[in-house]
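Have a look at work-v3.json; it's JSON, C-alpha atoms and all ligand atoms:
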[["chain", "number", "residue", "atom", "x", "y", "z"],
["A", 22, "MET", "CA", 121.33, 81.11, 89.70],
["A", 23, "PRO", "CA", 121.90, 81.21, 85.90],
["A", 24, "GLY", "CA", 121.57, 84.45, 83.98],
["A", 25, "VAL", "CA", 122.16, 86.78, 86.93],
["A", 26, "GLU", "CA", 124.60, 89.60, 86.15],
["A", 27, "TRP", "CA", 125.98, 89.65, 89.68],
["A", 28, "ALA", "CA", 128.78, 92.17, 89.14],
["A", 29, "ALA", "CA", 126.65, 94.53, 87.09],
["A", 30, "MET", "CA", 124.00, 94.48, 89.84],
["A", 31, "GLN", "CA", 126.52, 95.60, 92.45],
["A", 32, "PRO", "CA", 128.38, 98.64, 91.05],
["A", 33, "THR", "CA", 130.70, 100.31, 93.55],
["A", 34, "TRP", "CA", 128.71, 103.57, 93.59],
["A", 35, "LEU", "CA", 125.45, 101.89, 94.60],
["A", 36, "ASP", "CA", 124.20, 102.21, 98.21],
["A", 37, "GLY", "CA", 124.33, 99.19, 100.51],
["A", 38, "ALA", "CA", 120.57, 98.81, 100.93],
["A", 39, "SER", "CA", 120.09, 98.51, 97.17],
["A", 40, "LYS", "CA", 122.95, 96.03, 96.87],
["A", 41, "ASP", "CA", 121.41, 93.86, 99.60],
["A", 42, "LEU", "CA", 117.98, 93.98, 97.99],
["A", 43, "HIS", "CA", 119.35, 93.00, 94.55],
["A", 44, "TRP", "CA", 121.39, 90.20, 96.07],
["A", 45, "LEU", "CA", 118.62, 88.72, 98.22],
["A", 46, "GLY", "CA", 116.07, 89.15, 95.44],
["A", 47, "ALA", "CA", 118.18, 87.40, 92.80],
["A", 48, "LEU", "CA", 118.86, 84.55, 95.25],
["A", 49, "ARG", "CA", 115.12, 84.47, 96.10],
["A", 50, "CYS", "CA", 116.01, 84.82, 99.75],
["A", 51, "LEU", "CA", 113.92, 87.87, 100.62],
["A", 52, "PRO", "CA", 111.61, 87.21, 103.57],
["A", 53, "VAL", "CA", 108.43, 87.25, 101.50],
["A", 54, "ARG", "CA", 105.29, 85.69, 102.91],
["A", 55, "GLU", "CA", 105.20, 82.64, 100.65],
["A", 56, "ARG", "CA", 108.65, 81.74, 101.94],
["A", 57, "LEU", "CA", 107.87, 82.49, 105.59],
["A", 58, "TYR", "CA", 104.59, 80.58, 105.34],
["A", 59, "ARG", "CA", 106.41, 77.51, 104.06],
["A", 60, "HIS", "CA", 108.65, 77.68, 107.14],
["A", 61, "GLY", "CA", 105.69, 78.12, 109.47],
["A", 62, "ILE", "CA", 106.65, 81.70, 110.37],
["A", 63, "SER", "CA", 103.86, 83.64, 108.66],
["A", 64, "PRO", "CA", 100.18, 82.76, 109.12],
["A", 65, "THR", "CA", 99.51, 83.57, 105.45],
["A", 66, "PRO", "CA", 101.32, 83.35, 102.11],
["A", 67, "LEU", "CA", 99.26, 86.22, 100.68],
["A", 68, "CYS", "CA", 100.62, 89.55, 99.45],
["A", 69, "PRO", "CA", 100.55, 92.19, 102.22],
["A", 70, "ILE", "CA", 99.43, 94.83, 99.69],
["A", 71, "GLY", "CA", 96.09, 93.05, 99.58],
["A", 72, "CYS", "CA", 95.94, 92.02, 95.91],
["A", 73, "GLY", "CA", 94.94, 88.46, 96.84],
["A", 74, "GLY", "CA", 97.98, 86.84, 95.19],
["A", 75, "GLU", "CA", 100.67, 84.72, 96.82],
["A", 76, "GLU", "CA", 103.68, 86.82, 97.75],
["A", 77, "THR", "CA", 106.75, 85.36, 96.10],
["A", 78, "VAL", "CA", 109.93, 87.35, 95.40],
["A", 79, "GLU", "CA", 108.90, 87.90, 91.79],
["A", 80, "HIS", "CA", 105.44, 88.96, 92.92],
["A", 81, "THR", "CA", 106.69, 91.56, 95.35],
["A", 82, "LEU", "CA", 109.33, 93.07, 93.04],
["A", 83, "TRP", "CA", 107.68, 92.72, 89.65],
["A", 84, "SER", "CA", 104.30, 91.06, 89.08],
["A", 85, "CYS", "CA", 101.96, 92.18, 91.90],
["A", 86, "PRO", "CA", 99.30, 94.25, 90.06],
["A", 87, "VAL", "CA", 100.16, 97.37, 92.07],
["A", 88, "VAL", "CA", 103.86, 96.86, 91.45],
["A", 89, "ALA", "CA", 103.36, 96.03, 87.75],
["A", 90, "ARG", "CA", 101.41, 99.24, 87.27],
["A", 91, "PHE", "CA", 104.19, 101.23, 88.88],
["A", 92, "TRP", "CA", 106.84, 99.57, 86.68],
["A", 93, "ARG", "CA", 104.75, 100.22, 83.56],
["A", 94, "ARG", "CA", 104.69, 103.92, 84.33],
["A", 95, "VAL", "CA", 108.37, 104.07, 85.22],
["A", 96, "SER", "CA", 109.30, 102.10, 82.12],
["A", 97, "GLU", "CA", 107.17, 104.27, 79.79],
["A", 98, "TRP", "CA", 108.70, 107.38, 81.24],
["A", 99, "TRP", "CA", 112.25, 106.06, 81.20],
["A", 100, "SER", "CA", 112.17, 104.67, 77.67],
["A", 101, "ALA", "CA", 110.61, 107.88, 76.34],
["A", 102, "GLU", "CA", 113.34, 109.97, 77.97],
["A", 103, "GLU", "CA", 116.36, 107.70, 77.81],
["A", 104, "GLY", "CA", 115.55, 105.07, 75.20],
["A", 105, "ALA", "CA", 116.27, 102.06, 77.41],
["A", 106, "GLY", "CA", 113.42, 99.78, 78.41],
["A", 107, "ILE", "CA", 112.82, 98.24, 81.83],
["A", 108, "ASP", "CA", 111.78, 94.58, 81.86],
["A", 109, "ARG", "CA", 111.47, 91.71, 84.31],
["A", 110, "ASP", "CA", 114.92, 90.21, 83.71],
["A", 111, "LEU", "CA", 116.60, 93.58, 84.13],
["A", 112, "VAL", "CA", 114.73, 94.32, 87.36],
["A", 113, "LEU", "CA", 115.21, 90.90, 88.96],
["A", 114, "TYR", "CA", 118.59, 89.83, 87.58],
["A", 115, "GLY", "CA", 120.32, 92.90, 86.11],
["A", 116, "ARG", "CA", 120.15, 91.21, 82.70],
["A", 117, "GLY", "CA", 121.20, 93.51, 79.87],
["A", 118, "LEU", "CA", 123.32, 95.93, 81.94],
["A", 119, "LYS", "CA", 126.61, 94.48, 80.72],
["A", 120, "ARG", "CA", 125.66, 95.20, 77.11],
["A", 121, "MET", "CA", 125.06, 98.91, 77.80],
["A", 122, "GLY", "CA", 127.63, 101.63, 78.17],
["A", 123, "PRO", "CA", 127.94, 103.25, 81.62],
["A", 124, "GLU", "CA", 126.14, 106.42, 80.44],
["A", 125, "THR", "CA", 123.04, 104.29, 79.83],
["A", 126, "ALA", "CA", 123.49, 101.57, 82.44],
["A", 127, "ASN", "CA", 124.34, 103.71, 85.48],
["A", 128, "PRO", "CA", 121.33, 106.04, 85.60],
["A", 129, "LEU", "CA", 119.04, 103.18, 84.53],
["A", 130, "TRP", "CA", 120.30, 100.88, 87.25],
["A", 131, "GLN", "CA", 120.10, 103.69, 89.78],
["A", 132, "ALA", "CA", 116.45, 104.25, 88.85],
["A", 133, "VAL", "CA", 115.65, 100.52, 89.04],
["A", 134, "SER", "CA", 117.47, 100.27, 92.39],
["A", 135, "VAL", "CA", 115.53, 103.18, 93.87],
["A", 136, "ALA", "CA", 112.25, 101.78, 92.55],
["A", 137, "LYS", "CA", 112.90, 98.35, 94.06],
["A", 138, "CYS", "CA", 113.72, 99.89, 97.45],
["A", 139, "VAL", "CA", 110.57, 102.02, 97.30],
["A", 140, "LEU", "CA", 108.43, 98.99, 96.46],
["A", 141, "TRP", "CA", 109.98, 96.80, 99.14],
["A", 142, "GLY", "CA", 109.59, 99.63, 101.67],
["A", 143, "ALA", "CA", 105.92, 100.11, 100.77],
["A", 144, "ARG", "CA", 105.25, 96.40, 101.16],
["A", 145, "CYS", "CA", 106.97, 96.35, 104.57],
["A", 146, "GLU", "CA", 104.97, 99.40, 105.63],
["A", 147, "CYS", "CA", 101.73, 97.54, 104.80],
["A", 148, "ILE", "CA", 102.78, 94.85, 107.26],
["A", 149, "ARG", "CA", 103.89, 97.32, 109.95],
["A", 150, "SER", "CA", 100.73, 99.41, 109.72],
["A", 151, "GLN", "CA", 98.51, 96.38, 109.05],
["A", 152, "THR", "CA", 96.97, 98.37, 106.21],
["A", 153, "PRO", "CA", 96.88, 96.36, 102.98],
["A", 154, "ARG", "CA", 96.90, 99.33, 100.63],
["A", 155, "VAL", "CA", 99.49, 101.15, 98.54],
["A", 156, "ARG", "CA", 98.63, 104.27, 96.58],
["A", 157, "GLN", "CA", 100.42, 104.85, 93.27],
["A", 158, "VAL", "CA", 100.76, 108.53, 94.05],
["A", 159, "ASP", "CA", 102.67, 107.77, 97.26],
["A", 160, "LEU", "CA", 105.01, 105.41, 95.40],
["A", 161, "PHE", "CA", 105.71, 108.10, 92.83],
["A", 162, "HIS", "CA", 106.38, 110.82, 95.39],
["A", 163, "VAL", "CA", 108.90, 108.72, 97.28],
["A", 164, "PHE", "CA", 110.45, 107.44, 94.05],
["A", 165, "ARG", "CA", 110.97, 110.89, 92.61],
["A", 166, "ALA", "CA", 112.45, 112.32, 95.80],
["A", 167, "ARG", "CA", 114.91, 109.44, 96.22],
["A", 168, "LEU", "CA", 115.74, 109.20, 92.54],
["A", 169, "GLY", "CA", 116.84, 112.84, 92.41],
["A", 170, "LYS", "CA", 119.33, 112.19, 95.20],
["A", 171, "GLY", "CA", 120.41, 108.84, 93.81],
["A", 172, "LEU", "CA", 121.06, 110.09, 90.30],
["A", 173, "LEU", "CA", 123.15, 112.96, 91.57],
["A", 174, "SER", "CA", 125.30, 110.58, 93.57],
["A", 175, "CYS", "CA", 125.57, 108.07, 90.71],
["A", 176, "GLN", "CA", 126.67, 110.83, 88.35],
["A", 177, "THR", "CA", 129.20, 112.43, 90.63],
["A", 178, "LYS", "CA", 130.76, 109.04, 91.25],
["A", 179, "THR", "CA", 130.93, 108.02, 87.59],
["A", 180, "SER", "CA", 131.84, 109.78, 84.40],
["A", 181, "GLY", "CA", 128.35, 109.39, 82.91],
["A", 182, "GLN", "CA", 127.12, 112.64, 81.36],
["A", 183, "SER", "CA", 123.39, 112.13, 81.41],
["A", 184, "ASN", "CA", 120.84, 114.89, 81.63],
["A", 185, "THR", "CA", 118.65, 112.60, 83.70],
["A", 186, "VAL", "CA", 118.55, 114.93, 86.70],
["A", 187, "THR", "CA", 116.90, 117.68, 84.73],
["A", 188, "PHE", "CA", 114.07, 115.57, 83.49],
["A", 189, "ILE", "CA", 113.15, 113.66, 86.63],
["A", 190, "TYR", "CA", 110.79, 116.54, 87.28],
["A", 191, "SER", "CA", 108.74, 115.55, 84.25],
["A", 192, "PHE", "CA", 108.07, 112.30, 86.05],
["A", 193, "MET", "CA", 105.43, 113.75, 88.34],
["A", 194, "SER", "CA", 103.49, 115.40, 85.58],
["A", 195, "GLU", "CA", 99.96, 114.12, 85.11],
["A", 196, "LYS", "CA", 100.98, 112.46, 81.89],
["A", 197, "TRP", "CA", 103.07, 109.89, 83.71],
["A", 198, "LEU", "CA", 101.08, 109.58, 86.86],
["A", 199, "TYR", "CA", 97.64, 108.76, 85.47],
["B", 201, "ZN", "ZN", 100.34, 91.66, 95.43]]

Can you present the structure in this file as structure tokens?
Ligand SMILES: [Zn+2]
Amino acid sequence: MPGVEWAAMQPTWLDGASKDLHWLGALRCLPVRERLYRHGISPTPLCPIGCGGEETVEHTLWSCPVVARFWRRVSEWWSAEEGAGIDRDLVLYGRGLKRMGPETANPLWQAVSVAKCVLWGARCECIRSQTPRVRQVDLFHVFRARLGKGLLSCQTKTSGQSNTVTFIYSFMSEKWLY
């Protein structure tokens, strides 16, 4: 898979679930419905969130309208606070991480990792509960709670001196949520 920054996607401090998700996503091996449908395992290729689109790996992690809206908010917030943008190639392939210093790359990649796990979890919950609906506010609540923990662990395990932890609380303000 050309253009994937494999090593940068798998830093030693990152949790196993995030590493697996990055790996399977970049290889396009996640068990998304389009893939399962092709193998005769799922009765439908459509996105379980209910947007009406076909659920490919890129759809579920980046371009589903619900997911895209979430990324827009996260990216606006992150670039305003930290100066680094979040785009498709970064999210799916870790592209750009190698160019950044660890003070920028580590908290950014931690945030992207948490967001991807939250999105994948929400999509799986839609299937489990057979409820094709994801509320932005629920995504944000889970994201903020997990990001606080994740950033603390990423910072204690690296020498990055970011003030990210102090401003995650700004993330739930109305400005970013609506
Ligand atoms: Zn969708």

Handout entry: Residue nearest ligand ZN 201 (chain B) among A:Gly122, A:Pro153, A:Pro86, A:Pro128 (counting only C-alpha atoms and all ligand atoms)
Key =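 For ligand ZN 201 (chain B), the nearest of the candidates is A:Pro86.
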
Exercise for the section: Write out as an NGL selection string the residues lying within 10 Å of Pro64 in chain A, counting all atoms listed in the file and excluding same-chain residues fewer than 6 positions away. Expected result: :A and (54-55 or 57-58)

Practice task
Go through the chains and note each residue within 7 Å of ligand ZN 201 (chain B), using all atoms listed in the file, then give the set as a PyMOL selection string.
Solution key: chain A and resi 68-74+76+80-81+85-87

Let me see the file: selected residues, C-alpha atoms, as a PDB file, keeping the file's coordinate frame.
ATOM      1  CA  CYS A  68     100.620  89.550  99.450  1.00  0.00           C
ATOM      2  CA  PRO A  69     100.550  92.190 102.220  1.00  0.00           C
ATOM      3  CA  ILE A  70      99.430  94.830  99.690  1.00  0.00           C
ATOM      4  CA  GLY A  71      96.090  93.050  99.580  1.00  0.00           C
ATOM      5  CA  CYS A  72      95.940  92.020  95.910  1.00  0.00           C
ATOM      6  CA  GLY A  73      94.940  88.460  96.840  1.00  0.00           C
ATOM      7  CA  GLY A  74      97.980  86.840  95.190  1.00  0.00           C
ATOM      8  CA  GLU A  76     103.680  86.820  97.750  1.00  0.00           C
ATOM      9  CA  HIS A  80     105.440  88.960  92.920  1.00  0.00           C
ATOM     10  CA  THR A  81     106.690  91.560  95.350  1.00  0.00           C
ATOM     11  CA  CYS A  85     101.960  92.180  91.900  1.00  0.00           C
ATOM     12  CA  PRO A  86      99.300  94.250  90.060  1.00  0.00           C
ATOM     13  CA  VAL A  87     100.160  97.370  92.070  1.00  0.00           C
TER      14      VAL A  87
END

Exercise for the section: Enter the distance from CA of Ile107 in chain A to CA of Lys119 in chain A, in Å, rounded to one decimal. Expected result: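 Separation between CA of Ile107 in chain A and CA of Lys119 in chain A: 14.3 Å.
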
Handout entry: Spatial neighbours of Val139 in chain A, 8 Å, all atoms listed in the file, chain gap at least 6 places, as a PyMOL selection string
Key = chain A and resi 160+163-164

Give as a PDB file with C-alpha atoms, keeping the file's coordinate frame the set of residues within 12 Å of the point (101.4, 97.3, 108.4), where distances use the file's coordinates and only C-alpha atoms.
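As written to disk, result_39.pdb reads:
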ATOM      1  CA  CYS A  68     100.620  89.550  99.450  1.00  0.00           C
ATOM      2  CA  PRO A  69     100.550  92.190 102.220  1.00  0.00           C
ATOM      3  CA  ILE A  70      99.430  94.830  99.690  1.00  0.00           C
ATOM      4  CA  GLY A  71      96.090  93.050  99.580  1.00  0.00           C
ATOM      5  CA  GLY A 142     109.590  99.630 101.670  1.00  0.00           C
ATOM      6  CA  ALA A 143     105.920 100.110 100.770  1.00  0.00           C
ATOM      7  CA  ARG A 144     105.250  96.400 101.160  1.00  0.00           C
ATOM      8  CA  CYS A 145     106.970  96.350 104.570  1.00  0.00           C
ATOM      9  CA  GLU A 146     104.970  99.400 105.630  1.00  0.00           C
ATOM     10  CA  CYS A 147     101.730  97.540 104.800  1.00  0.00           C
ATOM     11  CA  ILE A 148     102.780  94.850 107.260  1.00  0.00           C
ATOM     12  CA  ARG A 149     103.890  97.320 109.950  1.00  0.00           C
ATOM     13  CA  SER A 150     100.730  99.410 109.720  1.00  0.00           C
ATOM     14  CA  GLN A 151      98.510  96.380 109.050  1.00  0.00           C
ATOM     15  CA  THR A 152      96.970  98.370 106.210  1.00  0.00           C
ATOM     16  CA  PRO A 153      96.880  96.360 102.980  1.00  0.00           C
ATOM     17  CA  ARG A 154      96.900  99.330 100.630  1.00  0.00           C
ATOM     18  CA  VAL A 155      99.490 101.150  98.540  1.00  0.00           C
TER      19      VAL A 155
END

Tell me, as a CSV table (one decimal) with C-alpha atoms, keeping the file's coordinate frame, which residues lie within 9 Å of Trp27 in chain A, counting all atoms listed in the file; anything in the same chain fewer than 3 positions away does not count.
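Done, and the output landed in around03.csv:
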chain,number,residue,atom,x,y,z
A,24,GLY,CA,121.6,84.4,84.0
A,30,MET,CA,124.0,94.5,89.8
A,31,GLN,CA,126.5,95.6,92.4
A,43,HIS,CA,119.4,93.0,94.6
A,44,TRP,CA,121.4,90.2,96.1
A,47,ALA,CA,118.2,87.4,92.8
A,114,TYR,CA,118.6,89.8,87.6
A,115,GLY,CA,120.3,92.9,86.1

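Distance check against Gln157 in chain A using only C-alpha atoms: of A:Trp130, A:Trp92, A:Asp110, A:Glu75, the minimum falls on A:Trp92.
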
Problem - Shortest interatomic distance to Val112 in chain A - which of A:Pro66, A:Gly169, A:Gly46, A:Pro52, counting all atoms listed in the file - result: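 The shortest atom-to-atom distance to Val112 in chain A comes from A:Gly46.
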
Exercise for the section: Find the distance between CA of Arg109 in chain A and CA of Cys50 in chain A and write it in Å to one decimal. Expected result: 17.5 Å

Practice task
Could you jot down the CA of Arg90 in chain A to CA of Arg156 in chain A separation for me, Å, one decimal place?
Solution key: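 Separating CA of Arg90 in chain A from CA of Arg156 in chain A is a distance of 10.9 Å.
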
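Proximity to Arg120 in chain A was assessed for A:Ile62, A:Val53, A:Ala29, A:Ala89 counting all atoms listed in the file; the smallest distance is recorded for A:Ala29.
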
Handout entry: Neighbour list for Cys138 in chain A as a VMD selection string, cut-off 9 Å, only C-alpha atoms, skip fewer than 6 positions in-chain
Key = chain A and resid 38 to 39 42 164

Take every atom of range 151-154 of chain A listed in the file, pad by 6 Å on each side, and give me the axis-aligned box centre and edge lengths in Å, one decimal, as AutoDock Vina command-line options.
--center_x 97.7 --center_y 97.8 --center_z 104.8 --size_x 13.6 --size_y 15.0 --size_z 20.4

Exercise for the section: May I ask which of the residues A:Glu79, A:Asp41, A:Asp36, A:Glu97 is the closest one to Arg167 in chain A, counting all atoms listed in the file? Expected result: A:Asp36
